[in-house]
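Chemist: Have a look at the structure that comes next, please.
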Amino acid sequence: MQQRLIIIGAGGFGREVHDWASDAIAAGAEWTVAGFLDDNPHALDGFDLPVGIIGHASTHQPNDDEVFVCAIGEPQIKLQIARSLRDRGATFTNVIHPTARIGQRNRLGVGLVLCPYSVITTNVTVGDFVSLNLHGTIGHDATVGDGCTLNNHTDITGWVQMGEGVFMGSHASVLPYARVGDYARIGAGSTVLRSAKPHTTIVGVPGKRLPSFDTPTKRAA
Ligand SMILES: CC(C)(COP(=O)(O)OP(=O)(O)OC[C@H]1O[C@@H](n2cnc3c(N)ncnc32)[C@H](O)[C@@H]1OP(=O)(O)O)[C@@H](O)C(=O)NCCC(=O)NCCS
C-alpha cells in the first residue's frame, strides 16, 4: 500500500516541508505527498503547489494509508496538534532531506523534519515532532525533547540536555553540557552558556533572561 504523506500546517514552513519531502521522494522515500491540514483554507492561495489543503487538523480522521508530519513552528501548538492526531490513530513519519547527515548510535523519534544540510552526529537522543532546520546541528551525546523547533543554523553542542517544546531562533547556540528547560525560548543569535530555566526567554551573548517575556504558560502557573 502506497502511503500518503500529509503535512500539518500550510504556512511558510509547511511549503518548505513539501519541497523537502519532494526531494526525499526523488531520492527514494516511499510516500506521495497528499496535501496539507490547516484551519485556514486560504493558506496556500497564490502559491503554485501541486497539492492543496485537504482538511483541518482538529477534525481529520486518519486513514490507514496516511502518514503525517508536523510543519508548525510554535512548539506548544505543534505538540498539542500532533499528540491529538496521534491519539486519534495517526502514524507519524520522518521527513529527512537527502542532504541531511545522521551519524550512528542515535535514538530518533517520529514526526521529525530534518531540513537540508542539517546534521545529527553521534549518540544523540531526539524526541518526537522535532524540526531541525537548514544547517542546524545536534552534537554528540545531546538530548533534545519532544516538539523542539530548532531553526536555521542552530548549534546544539555536545552533552546538552534540552527539555520539550524548546524554541531556538536562527543562529542560536547552546554550549556543551548546558541544560535548557521545557518551553524555553532562545532568541536568534543568542547563546546559552550553562542553563535556561523552563518557560523563560533567553537573549544575547551570553544569554540573559528577559523576565517580562516569560512564556504565557509560566505566567499563568
Ligand atoms: C527572542 C524572541 C522570541 C523574543 O520575541 P518577543 O517576545 O516578541 O520579544 P521582543 O521582540 O518584543 O523583544 C523584547 C526585548 O528583547 C530584545 N531581543 C529580542 N530578541 C533578541 C535577540 N534575538 N537577541 C537580543 N535581544 C533580543 C529586544 O530588543 C527587546 O529589548 P528591549 O525591551 O530592550 O527593547 C525573538 O526576538 C526571537 O529572537 N525570535 C527568533 C526568530 C527566529 O529566528 N525565527 C526563525 C524562524 S522564521
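A note on labels: chains of the C-alpha cells are A, B, ... as shown, every chain counts residues from 1, and ligands are counted from 1 in their shown order.
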Set the distance at 6 Å and use only C-alpha atoms: which residues neighbour range 104-120 of chain A once local chain neighbours fewer than 3 positions away are removed? I'd like the list as a ChimeraX atom specification.
Modeler: /A:69,92-97,99-101,123-138
Chemist: Please, which residues have at least one atom within 6 Å of an atom of ligand 1, using only C-alpha atoms and all ligand atoms, listed as a CSV table (one decimal) with C-alpha atoms, in the first residue's frame?
Modeler:
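After the write, out.csv holds the following:
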```
chain,number,residue,atom,x,y,z
A,151,ASN,CA,15.7,27.0,13.4
A,169,GLY,CA,15.8,31.2,16.9
A,170,SER,CA,18.1,31.3,13.9
A,185,ARG,CA,12.8,30.3,24.0
A,186,ILE,CA,16.3,31.1,22.9
A,187,GLY,CA,16.5,34.3,20.8
A,188,ALA,CA,18.0,34.5,17.3
A,189,GLY,CA,21.8,34.7,17.5
A,190,SER,CA,21.8,34.1,21.3
A,203,VAL,CA,18.5,36.6,24.5
A,204,GLY,CA,22.0,37.9,23.8
A,213,PHE,CA,8.9,37.8,28.3
```
Chemist: Residues near Leu44 in chain A, anyone? I mean within 8 Å using only C-alpha atoms, not counting same-chain ones fewer than 4 positions away, as a PyMOL selection string.
Modeler: chain A and resi 10-11+49+52-53
Chemist: Would you pick out the contacts of range 205-212 of chain A at 12 Å or less, using only C-alpha atoms, so that residues sharing its chain but fewer than 2 positions from it are not included, and give the list as a PyMOL selection string?
Modeler: chain A and resi 171-175+178+180+184-203+214-216+218-219
Chemist: Output N, CA and C atoms for every residue in the selection just made, as an mmCIF file, in the first residue's frame.
Modeler:
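Below is the file that was written, out.cif:
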```cif
data_model
loop_
_atom_site.group_PDB
_atom_site.id
_atom_site.type_symbol
_atom_site.label_atom_id
_atom_site.label_comp_id
_atom_site.auth_asym_id
_atom_site.auth_seq_id
_atom_site.Cartn_x
_atom_site.Cartn_y
_atom_site.Cartn_z
ATOM 1 N N HIS A 171 20.463 30.825 14.224
ATOM 2 C CA HIS A 171 21.850 31.031 14.669
ATOM 3 C C HIS A 171 22.001 31.026 16.195
ATOM 4 N N ALA A 172 21.063 30.469 16.912
ATOM 5 C CA ALA A 172 21.217 30.353 18.372
ATOM 6 C C ALA A 172 22.116 29.159 18.693
ATOM 7 N N SER A 173 22.816 29.259 19.832
ATOM 8 C CA SER A 173 23.732 28.179 20.238
ATOM 9 C C SER A 173 23.491 27.788 21.686
ATOM 10 N N VAL A 174 23.762 26.536 21.985
ATOM 11 C CA VAL A 174 23.769 26.064 23.375
ATOM 12 C C VAL A 174 25.110 25.382 23.596
ATOM 13 N N LEU A 175 25.857 25.863 24.572
ATOM 14 C CA LEU A 175 27.224 25.374 24.763
ATOM 15 C C LEU A 175 27.249 24.027 25.502
ATOM 16 N N ALA A 178 25.233 22.342 28.746
ATOM 17 C CA ALA A 178 24.169 23.245 29.212
ATOM 18 C C ALA A 178 22.833 22.512 29.255
ATOM 19 N N VAL A 180 18.626 23.102 29.067
ATOM 20 C CA VAL A 180 17.581 24.033 28.632
ATOM 21 C C VAL A 180 16.235 23.439 29.040
ATOM 22 N N ALA A 184 11.459 26.671 26.970
ATOM 23 C CA ALA A 184 12.296 27.874 26.932
ATOM 24 C C ALA A 184 12.380 28.366 25.489
ATOM 25 N N ARG A 185 12.592 29.675 25.336
ATOM 26 C CA ARG A 185 12.822 30.254 24.001
ATOM 27 C C ARG A 185 14.218 30.881 24.003
ATOM 28 N N ILE A 186 14.992 30.577 22.999
ATOM 29 C CA ILE A 186 16.339 31.132 22.883
ATOM 30 C C ILE A 186 16.336 32.020 21.647
ATOM 31 N N GLY A 187 16.604 33.300 21.853
ATOM 32 C CA GLY A 187 16.474 34.263 20.768
ATOM 33 C C GLY A 187 17.454 34.020 19.636
ATOM 34 N N ALA A 188 17.130 34.571 18.481
ATOM 35 C CA ALA A 188 18.011 34.460 17.326
ATOM 36 C C ALA A 188 19.403 35.002 17.680
ATOM 37 N N GLY A 189 20.418 34.286 17.309
ATOM 38 C CA GLY A 189 21.796 34.715 17.532
ATOM 39 C C GLY A 189 22.249 34.641 18.979
ATOM 40 N N SER A 190 21.442 34.104 19.852
ATOM 41 C CA SER A 190 21.756 34.098 21.288
ATOM 42 C C SER A 190 22.456 32.801 21.690
ATOM 43 N N THR A 191 23.142 32.856 22.840
ATOM 44 C CA THR A 191 23.945 31.709 23.277
ATOM 45 C C THR A 191 23.627 31.366 24.725
ATOM 46 N N VAL A 192 23.236 30.120 24.960
ATOM 47 C CA VAL A 192 23.053 29.643 26.336
ATOM 48 C C VAL A 192 24.381 29.065 26.807
ATOM 49 N N LEU A 193 24.918 29.666 27.863
ATOM 50 C CA LEU A 193 26.212 29.184 28.370
ATOM 51 C C LEU A 193 26.051 27.955 29.247
ATOM 52 N N ARG A 194 25.171 28.059 30.258
ATOM 53 C CA ARG A 194 25.051 26.953 31.220
ATOM 54 C C ARG A 194 23.632 26.439 31.347
ATOM 55 N N SER A 195 22.664 27.341 31.442
ATOM 56 C CA SER A 195 21.299 26.837 31.619
ATOM 57 C C SER A 195 20.268 27.893 31.229
ATOM 58 N N ALA A 196 19.109 27.384 30.859
ATOM 59 C CA ALA A 196 17.940 28.238 30.629
ATOM 60 C C ALA A 196 16.794 27.575 31.368
ATOM 61 N N LYS A 197 16.126 28.319 32.222
ATOM 62 C CA LYS A 197 15.032 27.738 33.015
ATOM 63 C C LYS A 197 13.809 27.480 32.133
ATOM 64 N N PRO A 198 12.949 26.539 32.571
ATOM 65 C CA PRO A 198 11.727 26.277 31.800
ATOM 66 C C PRO A 198 10.898 27.547 31.606
ATOM 67 N N HIS A 199 10.271 27.669 30.460
ATOM 68 C CA HIS A 199 9.316 28.744 30.148
ATOM 69 C C HIS A 199 9.940 30.138 30.205
ATOM 70 N N THR A 200 11.252 30.246 30.040
ATOM 71 C CA THR A 200 11.865 31.571 30.018
ATOM 72 C C THR A 200 12.322 31.896 28.597
ATOM 73 N N THR A 201 12.589 33.170 28.377
ATOM 74 C CA THR A 201 13.151 33.619 27.103
ATOM 75 C C THR A 201 14.558 34.143 27.364
ATOM 76 N N ILE A 202 15.497 33.655 26.593
ATOM 77 C CA ILE A 202 16.908 33.997 26.777
ATOM 78 C C ILE A 202 17.383 34.715 25.523
ATOM 79 N N VAL A 203 17.996 35.881 25.679
ATOM 80 C CA VAL A 203 18.533 36.576 24.504
ATOM 81 C C VAL A 203 19.937 37.095 24.792
ATOM 82 N N ASP A 214 8.631 35.921 29.811
ATOM 83 C CA ASP A 214 8.398 34.504 30.073
ATOM 84 C C ASP A 214 7.137 34.074 29.342
ATOM 85 N N THR A 215 7.127 32.827 28.924
ATOM 86 C CA THR A 215 6.014 32.379 28.094
ATOM 87 C C THR A 215 4.726 32.306 28.907
ATOM 88 N N PRO A 216 3.577 32.454 28.272
ATOM 89 C CA PRO A 216 2.295 32.562 28.983
ATOM 90 C C PRO A 216 2.031 31.410 29.943
ATOM 91 N N LYS A 218 3.975 29.862 31.895
ATOM 92 C CA LYS A 218 4.621 30.118 33.167
ATOM 93 C C LYS A 218 3.891 31.228 33.929
ATOM 94 N N ARG A 219 3.533 32.286 33.176
ATOM 95 C CA ARG A 219 2.856 33.403 33.838
ATOM 96 C C ARG A 219 1.534 32.963 34.439
#
```
Chemist: Please provide as a list in words all residues within 7 Å of Val166 in chain A, with the sequence filter that same-chain residues fewer than 4 positions apart are discarded (counting only C-alpha atoms).
Modeler: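 The contact residues come out as Pro75, Cys148, Thr149, Asp182, Tyr183, Ala184 and Arg185 of chain A.
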Chemist: Those same residues - C-alpha atoms - I'd like them written as a tab-separated table (two decimals), in the first residue's frame.
Modeler:
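And here's again.tsv as it stands now:
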```
chain	number	residue	atom	x	y	z
A	75	PRO	CA	6.25	24.21	19.86
A	148	CYS	CA	11.51	21.32	19.86
A	149	THR	CA	11.73	23.78	16.97
A	182	ASP	CA	10.86	22.82	28.85
A	183	TYR	CA	9.35	25.51	26.60
A	184	ALA	CA	12.30	27.87	26.93
A	185	ARG	CA	12.82	30.25	24.00
```
Chemist: What does the distance from CA of Ile102 in chain A to CA of Tyr177 in chain A come to in Å, to one decimal?
Modeler: 20.9 Å
Chemist: So which residues of chain A fall under strand (DSSP E or B) by DSSP, listed as a PyMOL selection string?
Modeler: chain A and resi 3-8+31-37+53-55+66-70+92+95-96+101-102+107-108+113-114+119-120+125-126+131-132+137-138+143-144+149-150+155-156+161-162+167-168+173-174+179-180+185-186+191-192+195-196+201-203+208-209
Chemist: When distances are computed from only C-alpha atoms, which of A:Ile156, A:Ile77, A:Ala21, A:Val67 shows the smallest separation from Asp141 in chain A?
Modeler: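 Closest residue, counting only C-alpha atoms: A:Ile156.
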Chemist: When DSSP works through the backbone of this structure, what residues of range 64-175 of chain A end up as helix (DSSP H, G or I), shown as a list in words?
Modeler: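 Matching residues for helix (DSSP H, G or I) in range 64-175 of chain A are Pro75, Gln76, Ile77, Lys78, Leu79, Gln80, Ile81, Ala82, Arg83, Ser84, Leu85, Arg86 and Asp87 of chain A.
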Chemist: Using only N, CA, C and O atoms, please write the residues we just selected to a file, as a compact mmCIF listing (two decimals), in the first residue's frame.
Modeler:
```
# COMPACT_ATOMS: atom_id res chain seq x y z
N PRO A 75 6.19 25.56 19.29
CA PRO A 75 6.25 24.21 19.86
C PRO A 75 4.99 23.78 20.60
O PRO A 75 4.56 22.63 20.49
N GLN A 76 4.39 24.70 21.37
CA GLN A 76 3.23 24.30 22.18
C GLN A 76 2.06 23.89 21.27
O GLN A 76 1.40 22.87 21.51
N ILE A 77 1.83 24.68 20.23
CA ILE A 77 0.73 24.37 19.29
C ILE A 77 1.07 23.09 18.53
O ILE A 77 0.22 22.21 18.34
N LYS A 78 2.33 22.97 18.12
CA LYS A 78 2.76 21.77 17.39
C LYS A 78 2.51 20.51 18.20
O LYS A 78 1.92 19.54 17.71
N LEU A 79 2.90 20.53 19.47
CA LEU A 79 2.75 19.33 20.31
C LEU A 79 1.28 19.02 20.57
O LEU A 79 0.87 17.86 20.54
N GLN A 80 0.52 20.06 20.79
CA GLN A 80 -0.92 19.84 21.07
C GLN A 80 -1.59 19.19 19.86
O GLN A 80 -2.32 18.20 20.00
N ILE A 81 -1.32 19.70 18.66
CA ILE A 81 -1.97 19.17 17.46
C ILE A 81 -1.44 17.78 17.13
O ILE A 81 -2.21 16.86 16.82
N ALA A 82 -0.13 17.59 17.22
CA ALA A 82 0.45 16.30 16.85
C ALA A 82 -0.01 15.20 17.81
O ALA A 82 -0.38 14.10 17.40
N ARG A 83 -0.03 15.51 19.11
CA ARG A 83 -0.43 14.50 20.09
C ARG A 83 -1.92 14.18 19.96
O ARG A 83 -2.33 13.02 20.12
N SER A 84 -2.69 15.19 19.66
CA SER A 84 -4.12 14.95 19.48
C SER A 84 -4.37 14.05 18.27
O SER A 84 -5.17 13.11 18.33
N LEU A 85 -3.68 14.31 17.17
CA LEU A 85 -3.83 13.45 15.99
C LEU A 85 -3.35 12.03 16.28
O LEU A 85 -3.95 11.04 15.86
N ARG A 86 -2.25 11.94 17.01
CA ARG A 86 -1.73 10.60 17.35
C ARG A 86 -2.74 9.84 18.21
O ARG A 86 -2.95 8.65 18.03
N ASP A 87 -3.38 10.56 19.13
CA ASP A 87 -4.41 9.91 19.96
C ASP A 87 -5.57 9.40 19.12
O ASP A 87 -6.28 8.47 19.50
```
Chemist: Do you know which residues are at most 7 Å from Ile7 in chain A counting only C-alpha atoms, after dropping those on the same chain fewer than 2 positions away, and could you put them as a PDB file with N, CA, C and O atoms, in the first residue's frame?
Modeler:
```
ATOM      1  N   LEU A   5       1.572  11.019   2.380  1.00  0.00           N
ATOM      2  CA  LEU A   5       2.099  11.923   3.404  1.00  0.00           C
ATOM      3  C   LEU A   5       1.215  13.158   3.504  1.00  0.00           C
ATOM      4  O   LEU A   5       0.945  13.820   2.502  1.00  0.00           O
ATOM      5  N   GLY A   9      -0.022  21.912   8.701  1.00  0.00           N
ATOM      6  CA  GLY A   9       0.444  23.299   8.672  1.00  0.00           C
ATOM      7  C   GLY A   9       0.848  23.677   7.255  1.00  0.00           C
ATOM      8  O   GLY A   9       1.759  23.071   6.687  1.00  0.00           O
ATOM      9  N   GLY A  14       5.478  24.893   6.199  1.00  0.00           N
ATOM     10  CA  GLY A  14       4.768  23.795   5.549  1.00  0.00           C
ATOM     11  C   GLY A  14       5.147  23.677   4.081  1.00  0.00           C
ATOM     12  O   GLY A  14       5.366  22.575   3.566  1.00  0.00           O
ATOM     13  N   GLY A  35      -1.209  16.215   0.610  1.00  0.00           N
ATOM     14  CA  GLY A  35      -1.723  17.559   0.843  1.00  0.00           C
ATOM     15  C   GLY A  35      -1.474  18.004   2.274  1.00  0.00           C
ATOM     16  O   GLY A  35      -0.683  17.398   3.002  1.00  0.00           O
ATOM     17  N   PHE A  36      -2.188  19.059   2.649  1.00  0.00           N
ATOM     18  CA  PHE A  36      -1.962  19.722   3.939  1.00  0.00           C
ATOM     19  C   PHE A  36      -3.231  19.707   4.789  1.00  0.00           C
ATOM     20  O   PHE A  36      -4.341  19.726   4.255  1.00  0.00           O
ATOM     21  N   LEU A  37      -3.022  19.734   6.087  1.00  0.00           N
ATOM     22  CA  LEU A  37      -4.115  20.053   7.011  1.00  0.00           C
ATOM     23  C   LEU A  37      -3.863  21.453   7.560  1.00  0.00           C
ATOM     24  O   LEU A  37      -2.751  21.746   8.029  1.00  0.00           O
ATOM     25  N   PHE A  68       1.877  11.177   8.678  1.00  0.00           N
ATOM     26  CA  PHE A  68       1.803  12.610   8.957  1.00  0.00           C
ATOM     27  C   PHE A  68       3.158  13.158   9.390  1.00  0.00           C
ATOM     28  O   PHE A  68       3.998  12.440   9.947  1.00  0.00           O
ATOM     29  N   VAL A  69       3.332  14.451   9.137  1.00  0.00           N
ATOM     30  CA  VAL A  69       4.467  15.178   9.702  1.00  0.00           C
ATOM     31  C   VAL A  69       3.963  16.575  10.034  1.00  0.00           C
ATOM     32  O   VAL A  69       3.055  17.085   9.377  1.00  0.00           O
ATOM     33  N   CYS A  70       4.520  17.164  11.087  1.00  0.00           N
ATOM     34  CA  CYS A  70       4.030  18.452  11.557  1.00  0.00           C
ATOM     35  C   CYS A  70       4.969  19.568  11.103  1.00  0.00           C
ATOM     36  O   CYS A  70       6.178  19.495  11.362  1.00  0.00           O
ATOM     37  N   ALA A  71       4.420  20.567  10.435  1.00  0.00           N
ATOM     38  CA  ALA A  71       5.232  21.696   9.955  1.00  0.00           C
ATOM     39  C   ALA A  71       4.748  22.985  10.609  1.00  0.00           C
ATOM     40  O   ALA A  71       4.418  23.961   9.944  1.00  0.00           O
TER      41      ALA A  71
END
```
Chemist: Expressed in Å to a single decimal, how great is the separation between CA of Ile54 in chain A and CA of Glu164 in chain A?
Modeler: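 Computed distance, CA of Ile54 in chain A to CA of Glu164 in chain A, equals 29.2 Å.
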Chemist: Can you tell me how far CA of Met1 in chain A sits from CA of Gln61 in chain A, in Å to one decimal?
Modeler: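 Taking CA of Met1 in chain A as the start and CA of Gln61 in chain A as the end point, the length is 18.5 Å.
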Chemist: Restricting the calculation to only C-alpha atoms, which member of A:Pro98, A:Ile8, A:Pro41, A:Phe13 is positioned closest to Ile25 in chain A?
Modeler: A:Pro98
